[in-house]
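This is entry35.csv. It holds CSV, C-alpha atoms.
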chain,number,residue,atom,x,y,z
A,1,MET,CA,0.0,0.0,0.0
A,2,VAL,CA,1.4,3.4,-1.1
A,3,GLY,CA,0.4,6.9,-0.3
A,4,GLY,CA,1.6,10.4,0.5
A,5,GLU,CA,2.7,11.6,-3.0
A,6,ALA,CA,2.4,10.9,-6.7
A,7,LEU,CA,3.4,7.3,-7.5
A,8,PRO,CA,5.6,6.8,-10.6
A,9,GLY,CA,4.6,4.0,-12.9
A,10,ALA,CA,8.2,2.9,-13.3
A,11,ASP,CA,8.4,2.0,-9.6
A,12,VAL,CA,5.2,0.0,-9.8
A,13,ARG,CA,6.4,-1.9,-12.8
A,14,ALA,CA,9.6,-2.7,-11.1
A,15,TRP,CA,7.9,-3.9,-7.9
A,16,LEU,CA,5.5,-6.2,-9.8
A,17,ALA,CA,8.3,-7.6,-11.9
A,18,ARG,CA,10.1,-8.7,-8.7
A,19,SER,CA,6.9,-9.9,-7.0
A,20,PRO,CA,4.4,-10.8,-9.7
A,21,GLU,CA,2.0,-12.4,-7.2
A,22,SER,CA,1.5,-9.2,-5.2
A,23,MET,CA,-0.8,-6.3,-5.7
A,24,VAL,CA,0.0,-2.6,-5.4
A,25,VAL,CA,-2.7,-0.4,-3.8
A,26,ASN,CA,-2.3,3.4,-4.4
A,27,GLU,CA,-4.2,5.2,-1.7
A,28,TYR,CA,-5.1,8.9,-1.3
A,29,GLY,CA,-6.7,10.8,1.5
A,30,PRO,CA,-6.0,13.7,3.9
A,31,THR,CA,-6.3,13.4,7.6
A,32,GLU,CA,-9.4,15.6,7.5
A,33,THR,CA,-11.3,12.9,5.6
A,34,VAL,CA,-10.1,9.8,7.6
A,35,VAL,CA,-6.9,9.4,5.4
A,36,GLY,CA,-7.9,6.6,2.9
A,37,CYS,CA,-10.8,7.9,0.8
A,38,CYS,CA,-9.7,7.0,-2.7
A,39,VAL,CA,-7.9,3.8,-3.9
A,40,PHE,CA,-6.4,2.3,-7.1
A,41,GLU,CA,-5.3,-1.3,-7.4
A,42,VAL,CA,-2.9,-2.7,-9.9
A,43,ALA,CA,-1.5,-6.2,-10.3
A,44,ALA,CA,1.0,-7.9,-12.6
A,45,GLY,CA,-0.2,-7.9,-16.2
A,46,ASP,CA,-2.3,-4.7,-15.8
A,47,PRO,CA,-1.3,-1.7,-17.9
A,48,VAL,CA,0.6,0.8,-15.8
A,49,ALA,CA,0.7,4.5,-16.8
A,50,ASP,CA,3.7,6.7,-16.2
A,51,VAL,CA,1.8,8.1,-13.3
A,52,VAL,CA,-0.4,5.7,-11.3
A,53,PRO,CA,-3.9,7.1,-10.7
A,54,ILE,CA,-5.3,7.4,-7.2
A,55,GLY,CA,-8.4,5.7,-8.5
A,56,ARG,CA,-12.0,6.1,-7.4
A,57,PRO,CA,-13.7,7.1,-4.1
A,58,ILE,CA,-14.5,4.5,-1.5
A,59,ALA,CA,-18.0,3.9,-0.2
A,60,ASN,CA,-19.9,6.9,1.2
A,61,THR,CA,-17.4,9.3,-0.3
A,62,ARG,CA,-17.8,11.8,-3.2
A,63,LEU,CA,-14.9,13.5,-4.9
A,64,TYR,CA,-15.2,16.6,-7.0
A,65,VAL,CA,-12.6,18.3,-9.2
A,66,LEU,CA,-13.7,21.9,-9.4
A,67,ASP,CA,-12.5,25.2,-10.9
A,68,ASP,CA,-12.3,28.6,-9.1
A,69,ALA,CA,-16.0,29.0,-9.4
A,70,LEU,CA,-16.7,25.6,-7.8
A,71,GLN,CA,-17.9,24.2,-11.1
A,72,PRO,CA,-16.8,20.7,-12.2
A,73,VAL,CA,-14.1,20.6,-14.9
A,74,PRO,CA,-14.2,18.1,-17.8
A,75,PRO,CA,-12.0,15.0,-17.8
A,76,GLY,CA,-8.4,15.7,-18.6
A,77,VAL,CA,-8.6,19.3,-17.1
A,78,ALA,CA,-6.8,20.0,-13.9
A,79,GLY,CA,-8.8,21.4,-11.0
A,80,GLU,CA,-8.8,21.5,-7.2
A,81,LEU,CA,-10.0,18.3,-5.4
A,82,TYR,CA,-12.9,18.6,-2.9
A,83,ILE,CA,-14.1,15.7,-0.7
A,84,ALA,CA,-17.6,15.2,0.6
A,85,GLY,CA,-19.2,12.3,2.5
A,86,ALA,CA,-19.8,10.7,5.8
A,87,GLN,CA,-16.1,10.8,6.9
A,88,VAL,CA,-15.4,14.5,6.5
A,89,ALA,CA,-14.3,16.0,9.8
A,90,ARG,CA,-16.2,18.7,11.6
A,91,GLY,CA,-13.2,21.1,11.5
A,92,TYR,CA,-10.1,22.1,13.4
A,93,ALA,CA,-10.3,22.5,17.2
A,94,ASN,CA,-10.2,26.2,18.3
A,95,ARG,CA,-9.3,27.4,14.7
A,96,ARG,CA,-12.5,28.9,13.3
A,97,GLY,CA,-10.9,30.8,10.5
A,98,LEU,CA,-9.0,27.9,9.1
A,99,THR,CA,-12.1,25.7,9.5
A,100,ALA,CA,-14.2,28.1,7.5
A,101,SER,CA,-11.7,28.3,4.7
A,102,ARG,CA,-11.2,24.5,4.4
A,103,PHE,CA,-14.7,23.1,5.2
A,104,VAL,CA,-17.1,24.8,2.8
A,105,ALA,CA,-20.7,24.3,1.8
A,106,CYS,CA,-21.2,21.7,-0.9
A,107,PRO,CA,-23.1,23.1,-3.9
A,108,PHE,CA,-24.2,19.7,-5.0
A,109,ALA,CA,-26.0,18.5,-1.9
A,110,ALA,CA,-28.1,20.8,0.3
A,111,GLY,CA,-27.0,21.1,3.9
A,112,GLU,CA,-23.7,19.2,3.4
A,113,ARG,CA,-20.1,20.3,3.6
A,114,MET,CA,-17.0,19.3,1.6
A,115,TYR,CA,-13.3,19.6,2.4
A,116,ARG,CA,-11.1,21.7,0.2
A,117,THR,CA,-7.9,19.7,-0.1
A,118,GLY,CA,-5.6,22.2,-1.8
A,119,ASP,CA,-4.6,19.3,-4.1
A,120,LEU,CA,-4.7,19.4,-7.9
A,121,ALA,CA,-6.2,16.4,-9.7
A,122,ARG,CA,-7.9,15.5,-13.0
A,123,TRP,CA,-10.3,12.8,-14.1
A,124,THR,CA,-9.3,10.3,-16.8
A,125,PRO,CA,-11.9,9.5,-19.5
A,126,ASP,CA,-12.6,6.1,-17.7
A,127,GLY,CA,-13.3,7.8,-14.4
A,128,GLN,CA,-10.0,7.4,-12.6
A,129,LEU,CA,-8.6,10.2,-10.6
A,130,VAL,CA,-5.0,11.3,-11.1
A,131,PHE,CA,-3.2,13.4,-8.4
A,132,LEU,CA,-1.2,16.3,-9.9
A,133,GLY,CA,0.3,18.1,-6.9
A,134,ARG,CA,-0.6,21.0,-4.7
A,135,THR,CA,-2.4,24.2,-5.7
A,136,ASP,CA,0.2,26.3,-3.9
A,137,ASP,CA,2.8,24.8,-6.2
A,138,GLN,CA,1.1,26.3,-9.2
A,139,VAL,CA,3.1,28.9,-11.1
A,140,LYS,CA,2.6,31.0,-14.2
A,141,ILE,CA,5.0,30.5,-17.0
A,142,ARG,CA,4.7,32.9,-20.0
A,143,GLY,CA,1.1,33.6,-19.1
A,144,TYR,CA,0.1,29.9,-18.6
A,145,ARG,CA,-0.8,28.3,-15.3
A,146,VAL,CA,1.5,25.4,-14.8
A,147,GLU,CA,1.7,22.5,-12.3
A,148,PRO,CA,5.4,21.5,-12.0
A,149,ASP,CA,4.5,18.1,-10.4
A,150,GLU,CA,2.5,17.2,-13.5
A,151,VAL,CA,5.6,17.9,-15.7
A,152,ALA,CA,7.7,15.8,-13.3
A,153,GLN,CA,5.3,12.9,-13.6
A,154,VAL,CA,5.8,12.9,-17.4
A,155,LEU,CA,9.5,12.9,-17.1
A,156,THR,CA,9.5,9.9,-14.8
A,157,GLY,CA,8.2,8.0,-17.9
A,158,CYS,CA,11.5,8.5,-19.7
A,159,ARG,CA,13.6,5.4,-20.0
A,160,GLY,CA,16.6,5.7,-17.6
A,161,VAL,CA,14.9,8.0,-15.1
A,162,SER,CA,14.4,6.8,-11.6
A,163,ARG,CA,13.0,10.0,-10.0
A,164,ALA,CA,12.2,13.5,-11.2
A,165,ALA,CA,11.3,16.8,-9.7
A,166,VAL,CA,10.4,20.1,-11.5
A,167,ILE,CA,10.3,23.6,-10.0
A,168,ALA,CA,10.0,27.1,-11.3
A,169,ARG,CA,13.1,29.2,-10.8
A,170,GLU,CA,13.5,32.9,-11.1
A,171,ASP,CA,17.3,33.2,-10.8
A,172,VAL,CA,17.0,36.4,-12.9
A,173,PRO,CA,14.2,38.8,-11.9
A,174,GLY,CA,11.3,38.7,-14.3
A,175,ASP,CA,12.5,35.5,-16.0
A,176,ARG,CA,10.8,32.5,-14.5
A,177,ARG,CA,11.7,29.1,-16.0
A,178,LEU,CA,11.0,25.5,-15.4
A,179,VAL,CA,14.0,23.4,-14.3
A,180,ALA,CA,13.9,19.6,-14.1
A,181,TYR,CA,16.0,17.6,-11.7
A,182,VAL,CA,16.4,13.9,-12.6
A,183,VAL,CA,17.9,10.9,-10.8
A,184,PRO,CA,19.2,8.2,-13.2
A,185,ASP,CA,18.3,4.6,-12.5
A,186,ASP,CA,21.8,3.7,-13.4
A,187,PRO,CA,24.5,5.7,-11.6
A,188,GLU,CA,27.0,4.9,-14.4
A,189,ALA,CA,24.7,6.3,-17.1
A,190,ASP,CA,26.0,8.8,-19.6
A,191,ARG,CA,24.6,12.0,-18.1
A,192,ASP,CA,24.7,14.2,-21.1
A,193,ARG,CA,22.9,11.5,-23.2
A,194,LEU,CA,20.2,11.0,-20.5
A,195,ALA,CA,19.7,14.8,-20.2
A,196,ALA,CA,19.2,15.0,-24.0
A,197,ALA,CA,16.8,12.0,-23.8
A,198,VAL,CA,14.7,13.7,-21.1
A,199,GLY,CA,14.5,16.8,-23.2
A,200,ALA,CA,13.4,14.9,-26.2
A,201,HIS,CA,10.9,12.9,-24.1
A,202,ALA,CA,9.4,16.2,-22.8
A,203,ALA,CA,9.3,17.8,-26.3
A,204,ALA,CA,7.4,14.8,-27.7
A,205,ARG,CA,4.7,14.9,-24.9
A,206,LEU,CA,4.4,18.5,-23.6
A,207,PRO,CA,3.5,21.8,-25.1
A,208,ASP,CA,6.3,24.4,-25.4
A,209,TYR,CA,5.5,26.3,-22.2
A,210,LEU,CA,5.5,23.0,-20.1
A,211,ARG,CA,9.0,21.9,-21.3
A,212,PRO,CA,11.8,22.4,-18.8
A,213,ASP,CA,14.4,25.0,-19.9
A,214,ALA,CA,17.1,23.0,-18.2
A,215,VAL,CA,17.7,19.4,-17.0
A,216,VAL,CA,19.9,18.9,-14.0
A,217,LEU,CA,21.0,15.3,-13.1
A,218,LEU,CA,21.5,14.5,-9.5
A,219,ASP,CA,22.6,11.4,-7.6
A,220,ALA,CA,19.6,11.8,-5.4
A,221,LEU,CA,16.8,14.3,-4.8
A,222,PRO,CA,17.3,16.3,-1.5
A,223,LEU,CA,14.6,15.4,1.0
A,224,THR,CA,13.0,17.1,4.0
A,225,PHE,CA,12.8,15.3,7.4
A,226,ASN,CA,9.4,13.8,6.4
A,227,GLY,CA,10.6,12.4,3.1
A,228,LYS,CA,9.3,15.1,0.7
A,229,VAL,CA,11.4,16.7,-1.9
A,230,ASP,CA,13.3,19.7,-0.4
A,231,ARG,CA,12.7,22.1,-3.2
A,232,ALA,CA,14.7,24.9,-1.6
A,233,ALA,CA,17.8,22.7,-1.6
A,234,LEU,CA,17.6,22.0,-5.4
A,235,PRO,CA,20.6,23.7,-7.0
A,236,ALA,CA,20.5,26.3,-9.8
A,237,PRO,CA,21.2,24.9,-13.2
A,238,ASP,CA,24.5,25.5,-14.8
A,239,HIS,CA,23.9,27.1,-18.2
A,240,ALA,CA,27.5,26.6,-19.2
A,241,THR,CA,28.4,27.0,-22.8
A,242,GLY,CA,29.1,24.0,-25.0
A,243,GLY,CA,30.0,23.7,-28.6
A,244,GLY,CA,31.1,27.3,-29.0
A,245,ALA,CA,34.0,26.9,-26.7
A,246,ASP,CA,36.2,25.5,-29.5
A,247,ARG,CA,36.7,28.9,-31.2
A,248,GLY,CA,36.0,32.5,-30.5
A,249,PRO,CA,34.0,35.0,-32.6
A,250,ALA,CA,35.4,35.4,-36.1
A,251,ASN,CA,34.2,39.0,-36.6
A,252,ALA,CA,32.5,41.9,-34.8
A,253,ARG,CA,29.0,40.7,-35.8
A,254,GLU,CA,29.5,37.2,-34.2
A,255,ALA,CA,31.0,38.9,-31.1
A,256,ALA,CA,28.0,41.2,-30.7
A,257,LEU,CA,25.6,38.3,-31.2
A,258,CYS,CA,27.4,36.3,-28.5
A,259,GLY,CA,27.1,39.2,-26.1
A,260,ALA,CA,23.4,39.7,-27.0
A,261,PHE,CA,22.7,36.0,-26.4
A,262,ALA,CA,24.5,36.1,-23.0
A,263,GLU,CA,22.6,39.3,-21.9
A,264,VAL,CA,19.2,38.0,-22.8
A,265,LEU,CA,19.7,34.5,-21.5
A,266,ALA,CA,21.4,35.8,-18.3
A,267,VAL,CA,24.4,33.5,-18.6
A,268,PRO,CA,28.1,34.4,-18.2
A,269,THR,CA,29.2,33.6,-21.7
A,270,VAL,CA,27.9,32.2,-25.0
A,271,GLY,CA,29.9,30.5,-27.7
A,272,VAL,CA,29.4,31.1,-31.4
A,273,ASP,CA,27.9,27.6,-31.9
A,274,ASP,CA,25.7,27.6,-28.8
A,275,ASP,CA,22.0,27.0,-29.4
A,276,PHE,CA,19.7,29.8,-28.1
A,277,PHE,CA,17.0,27.3,-27.1
A,278,SER,CA,19.3,24.8,-25.6
A,279,LEU,CA,20.5,27.5,-23.2
A,280,GLY,CA,17.0,28.2,-22.0
A,281,GLY,CA,15.7,30.5,-24.6
A,282,HIS,CA,12.0,30.6,-25.5
A,283,SER,CA,9.6,32.7,-27.6
A,284,LEU,CA,9.4,35.6,-25.2
A,285,LEU,CA,13.2,35.8,-24.8
A,286,ALA,CA,13.4,35.6,-28.6
A,287,THR,CA,11.6,38.9,-28.9
A,288,ARG,CA,14.0,40.5,-26.5
A,289,LEU,CA,16.9,39.2,-28.5
A,290,VAL,CA,15.5,40.6,-31.7
A,291,SER,CA,15.3,44.0,-30.0
A,292,ARG,CA,18.8,43.7,-28.6
A,293,VAL,CA,20.2,42.9,-32.1
A,294,ARG,CA,18.4,45.9,-33.5
A,295,ALA,CA,20.0,48.1,-30.8
A,296,LEU,CA,23.5,46.7,-31.1
A,297,LEU,CA,23.8,46.2,-34.9
A,298,GLY,CA,21.1,48.4,-36.4
A,299,GLU,CA,19.9,45.3,-38.2
A,300,GLU,CA,16.5,43.7,-38.3
A,301,LEU,CA,16.4,40.0,-37.4
A,302,PRO,CA,13.1,38.3,-38.3
A,303,ILE,CA,12.1,36.3,-35.2
A,304,GLU,CA,11.3,33.2,-37.3
A,305,GLU,CA,14.9,33.2,-38.5
A,306,LEU,CA,16.1,32.6,-34.9
A,307,PHE,CA,14.1,29.3,-34.8
A,308,THR,CA,15.8,28.2,-38.0
A,309,THR,CA,19.3,29.4,-37.3
A,310,PRO,CA,19.6,29.5,-33.4
A,311,THR,CA,23.3,30.1,-33.0
A,312,PRO,CA,25.4,33.3,-33.1
A,313,ALA,CA,27.5,31.9,-36.0
A,314,GLU,CA,24.5,31.0,-38.1
A,315,LEU,CA,22.7,34.3,-37.4
A,316,ALA,CA,25.8,36.3,-38.2
A,317,ALA,CA,26.1,34.5,-41.5
A,318,TRP,CA,22.4,35.1,-42.3
A,319,LEU,CA,22.7,38.8,-41.4
A,320,ALA,CA,25.8,39.1,-43.6
A,321,ALA,CA,24.1,37.4,-46.5
A,322,ASN,CA,20.9,39.4,-46.1
A,323,ALA,CA,22.4,42.8,-45.3
A,324,ASP,CA,20.2,44.5,-47.9
A,325,ARG,CA,17.1,42.9,-46.4
A,326,ALA,CA,18.0,43.0,-42.7
A,327,THR,CA,16.5,46.5,-42.3
A,328,ASP,CA,13.8,47.6,-40.0
A,329,THR,CA,10.6,45.8,-41.0
A,330,ARG,CA,8.4,47.5,-38.5
A,331,PRO,CA,5.6,49.6,-39.9
A,332,ALA,CA,6.4,53.3,-39.9
A,333,LEU,CA,4.5,55.4,-37.3
A,334,ARG,CA,2.1,57.9,-38.7
A,335,PRO,CA,0.9,61.0,-36.8
A,336,MET,CA,-2.6,60.8,-35.5
A,337,ARG,CA,-5.2,63.1,-37.0
A,338,HIS,CA,-7.5,64.8,-34.6
A,339,ARG,CA,-11.1,64.8,-35.6
A,340,GLU,CA,-12.7,68.2,-35.5
A,341,ALA,CA,-15.4,68.5,-32.9
A,342,SER,CA,-18.8,68.2,-34.5
A,343,SER,CA,-21.1,71.1,-33.9

Would you give me this structure, written as structure tokens?
Amino acid sequence: MVGGEALPGADVRAWLARSPESMVVNEYGPTETVVGCCVFEVAAGDPVADVVPIGRPIANTRLYVLDDALQPVPPGVAGELYIAGAQVARGYANRRGLTASRFVACPFAAGERMYRTGDLARWTPDGQLVFLGRTDDQVKIRGYRVEPDEVAQVLTGCRGVSRAAVIAREDVPGDRRLVAYVVPDDPEADRDRLAAAVGAHAAARLPDYLRPDAVVLLDALPLTFNGKVDRAALPAPDHATGGGADRGPANAREAALCGAFAEVLAVPTVGVDDDFFSLGGHSLLATRLVSRVRALLGEELPIEELFTTPTPAELAAWLAANADRATDTRPALRPMRHREASS
């Protein structure tokens, strides 16, 4: 029997492979609802998803996945989990304010209350509940609401990954990025190759804004005294340069582009062959880079060209070959005409 946090499917597959006659029971439930109020059972031979569901409610229990307006969300959409039923506690002793915020009126049954768990979940099409993390772990990345634990659950499905954690870091003010921390299942694994595999795994399964900007491999995830991942102890990623270290800039344009990359990406140095997106770049930072190139070189870089030629050397070659076209393509500003007041 397992409980307490999201259960990786890789762990369950390994357990059942070692003990095929056993059954794994994934249980969910906070203390305020008598702990076990939702269960999922899986045995050898059963399909096991990358993230094991917490299942369906037990008898005399109702589970709701609701939006901010306390309306049910459709299957596949994340929402906050509420629990109603005979086992819901009366409240917290001598803590009326906290009781009022957590034990709320149930809009689906007159005179009943439900417990607001603070957990994120979603329903599968076949009626199974999947735990996604805590609502207070939600962050906004490029205008999108993101649950880092949901991203981590996807990464644990990558071959060679034992455990994964994802957090949002803002090492540079105003630039919030997702960073993945991965523990390999083989301590002798090629770390660069595994990091690349994790990135490819994420790219094939997640939209752009959910993909980690960096993958950090660790021997083990730091834990708190109660066994949870110690997010505050996770190290900052090292956006060190790679391929461009073999040679320096060949001309002033390459040097200026290397400096612009480093400034926009907030990294110490960038080589001429370093990839903008491999160093943590994304579409919003791309617009900043275009503006910086315009200011430094007086040349207009179409943003789509950055996606095609994402290194300083390639961009410098493109700007040189298209010098006659690399002019300001922004529409000219025209003075506004003031309408005469009608009599």

TODO: Within 12 Å of A:Val35, counting only C-alpha atoms, which residues show up once you throw out same-chain ones fewer than 2 positions away? Write them as a PyMOL selection string, please.
DONE: chain A and resi 3-4+27-33+37-39+57-58+61+83+87-89+117

Open item on the list: Env of stretch 113-116 of chain A: 6 Å cut, atoms = only C-alpha atoms, seq-sep filter 3 positions within chain, self excluded. Answer as a PyMOL selection string.
Closed with: chain A and resi 82-84+102-106

TODO: Give me the residues within 12 Å of A:Asn251 as JSON, numbers by chain, counting all atoms listed in the file and dropping any in the same chain fewer than 4 places off.
DONE: {"A": [247, 255, 256, 257, 258, 272, 312, 313, 316, 317, 320]}

Task: Exercise: A:Pro8 partners within 12 Å, all atoms listed in the file, chain neighbours under 5 positions left out, as a ChimeraX atom specification - done: /A:2-3,13-15,26,48-54,130-132,149-150,152-158,161-165

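Point (16.6, 12.8, -10.8) has the following residues at most 6 Å away: Arg163, Ala164, Tyr181, Val182, Val183, Pro184, Leu217 and Leu218 of chain A (atoms considered: all atoms listed in the file).
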
Open item on the list: With distances taken over all atoms listed in the file, which residue among A:Ala233, A:Gly127, A:Pro72, A:Arg96 lies nearest A:Gly55?
Closed with: A:Gly127

Open item on the list: Can you pull out the residues contacting A:Pro107? Cut-off 9 Å, using all atoms listed in the file, and skip same-chain residues under 5 positions away; I want them as a ChimeraX atom specification.
Closed with: /A:70-71,112-113

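Shortest separation to A:Asp208 among A:Arg18, A:Val146, A:Ala252, A:Thr224 occurs at residue A:Val146, atoms counted being all atoms listed in the file.
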
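We find atom CA of A:Val215 and atom CA of A:Thr135 to be spaced 23.6 Å apart.
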
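Atom pair atom CA of A:Glu314 / atom CA of A:Arg177: separated by 25.6 Å.
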
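Taking atom CA of A:Met1 as the reference point, atom CA of A:Gly36 is found at 10.7 Å.
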
Task: Which of A:Gly133, A:Pro74, A:Arg294, A:Leu265 sits closest to A:Leu7 [using all atoms listed in the file] - done: A:Gly133
